[in-house]
Amino acid sequence: MKNKISLTLLSFLANFVMAGFATQFGMLIEPISDKFSANVNEVASIFSLLNGGALAGTIAAFFLIERIGVKRITLLSYVSIALSAAALHFTGSLSVVMVAMTVIGLCGGVGLCIAGTIVVSVWKDKIQSTMLVVQDATFNVAGVVFPLITTYALSNALSWSYSYLAVGVVALATAAIALATNFELCESKGDSEQSKDESEWNLGIISGGLGLFLGMLALYTFLTWAPMFVKTKFDIPFEEAGNIITQYWSAALVGALVSTVIVTRVKIQYFLMGIISLAFVITSLIVTTENLSWIGYLTYGYGFACAALYNAFIAYGVSFVKNASSRNVSYILISGSAGAMFSPAISSLFESIIGLQTVMYAIPVIYGLIIAMLVLSNRQKVTLTQQAA
């Protein structure tokens, strides 16, 4: 039992570490650009290196985990993350920041796959689902903790990199725990026959992946540009505007837990349509309001609504197939990673062409497109069900 606990702790820490790097970048764009005298668009695109590395790491993990072994690849990944975080703190070169972010993303993506492998191997039945939900909550906890460290550092004229250095310390602790842990429960051989099963594809499963891609595109555009948008629109200090990120993740932590209860009582189609519609309304209000006091409340609502976006789209997509395969699930996961990866680069490009205000207006438009796609795929499902009857 003790070994199960340490393995489960490692799976939680994997999410905690990745969230530590991914959830606060919007707060750091201006401090990094000031530190290295770089254009904000150039700095914002660095986030694509982090997410791109995570996407590559997710794909690579499918091939590397079994060959290298869970324990070895865990040690390699988190030692590399700790060293990269140290490089971010001590470097004076933006190029080193870019390389370090790429390495962190790559190893963090591998770590997320390790986390999933551990939970699926160690726990079964209902407790397995519970542990997966707690993983989501752990991600959101990091989204509260590390932005607070960033806010403290920036408010006290400390380096922008202290919060990332703190994440690096957690990564080093993760490696130390992995070194002392027995991974026998995770090293069992999988059933290779399952890979021979054919995957079913239809508009529903495709819309699940495309919807998650668009959802991550909208969400990470918000997380990247919201602090600067609020600072510019309301003429307040950047450190104060950065609180919008903490507000989002604070609400997401509660939303992740509440959403789990709701999904057990409501069909996934209705649940997903509800949270996307809510996100559409809230982001429309955020980008149009002239009242600064509303921003905090609206951001809390947005974080609450989007807390279970990933799991909701996975459940929605696989509900359209009789027997969901690993390829179906992987397609949706990769779509989400791609949306997060391309969001900063796409939004940076459009920010330089059409301006920050217009980029923020695009967020509710994206949610509107998702709603239209969900309506279309749901109609097809109803039609197919009637024809089968």
# chains A, B, ... in the order shown; residues from 1 in each chain; ligands from 1
>>> residues_around(residues="Lys4 (chain A)", least_positions_apart="5", cutoff="10 Å", atoms="only C-alpha atoms", output="number ranges by chain")
A: 9-10, 118-119, 121-123, 181-183, 185
>>> closest_atom_pairs(of="region 77-111 of chain A", to="region 60-71 of chain A", cutoff="10 Å", atoms="only C-alpha atoms", output="JSON lines")
{"residue": "A:Ser77", "atom": "CA", "partner": "A:Lys71", "partner_atom": "CA", "distance": 10.0}
{"residue": "A:Leu106", "atom": "CA", "partner": "A:Ala60", "partner_atom": "CA", "distance": 8.7}
{"residue": "A:Cys107", "atom": "CA", "partner": "A:Ala61", "partner_atom": "CA", "distance": 9.4}
{"residue": "A:Gly109", "atom": "CA", "partner": "A:Ala61", "partner_atom": "CA", "distance": 7.9}
{"residue": "A:Val110", "atom": "CA", "partner": "A:Ala61", "partner_atom": "CA", "distance": 5.2}
{"residue": "A:Gly111", "atom": "CA", "partner": "A:Ala61", "partner_atom": "CA", "distance": 8.4}
>>> residues_around(residues="Ala340 (chain A)", least_positions_apart="3", cutoff="7 Å", atoms="only C-alpha atoms", output="list of chain:residue names")
A:Asn51, A:Met216, A:Leu217, A:Tyr220, A:Gly336, A:Ser337, A:Ser343
>>> residues_around(residues="region 366-381 of chain A", least_positions_apart="6", cutoff="6 Å", atoms="only C-alpha atoms", output="list of chain:residue names")
A:Gly204, A:Gly211, A:Phe280
>>> closest_residue(among="A:Thr117, A:Thr8, A:Ser348, A:Thr74", to="Val43 (chain A)", atoms="only C-alpha atoms")
A:Ser348
>>> residues_around(residues="region 21-24 of chain A", least_positions_apart="4", cutoff="7 Å", atoms="only C-alpha atoms", output="list of chain:residue names")
A:Val17, A:Leu28, A:Gly143, A:Pro147, A:Tyr164, A:Ile245
>>> write_last_selection(atoms="C-alpha atoms", output="PDB file, in the first residue's frame")
ATOM      1  CA  VAL A  17       4.951  20.442 -12.277  1.00  0.00           C
ATOM      2  CA  LEU A  28       5.437  36.776 -17.420  1.00  0.00           C
ATOM      3  CA  GLY A 143      -2.530  27.167 -11.216  1.00  0.00           C
ATOM      4  CA  PRO A 147       0.938  32.525  -9.982  1.00  0.00           C
ATOM      5  CA  TYR A 164       9.810  28.769 -12.344  1.00  0.00           C
ATOM      6  CA  ILE A 245      -4.704  34.371 -13.923  1.00  0.00           C
TER       7      ILE A 245
END
>>> residues_around(residues="Phe16 (chain A)", least_positions_apart="4", cutoff="8 Å", atoms="only C-alpha atoms", output="list in words")
Phe12, Gly20, Thr138, Phe139, Val141 and Ala142 of chain A
>>> closest_residue(among="A:Val254, A:Ala14, A:Ile275, A:Tyr78", to="Ala176 (chain A)", atoms="only C-alpha atoms")
A:Tyr78
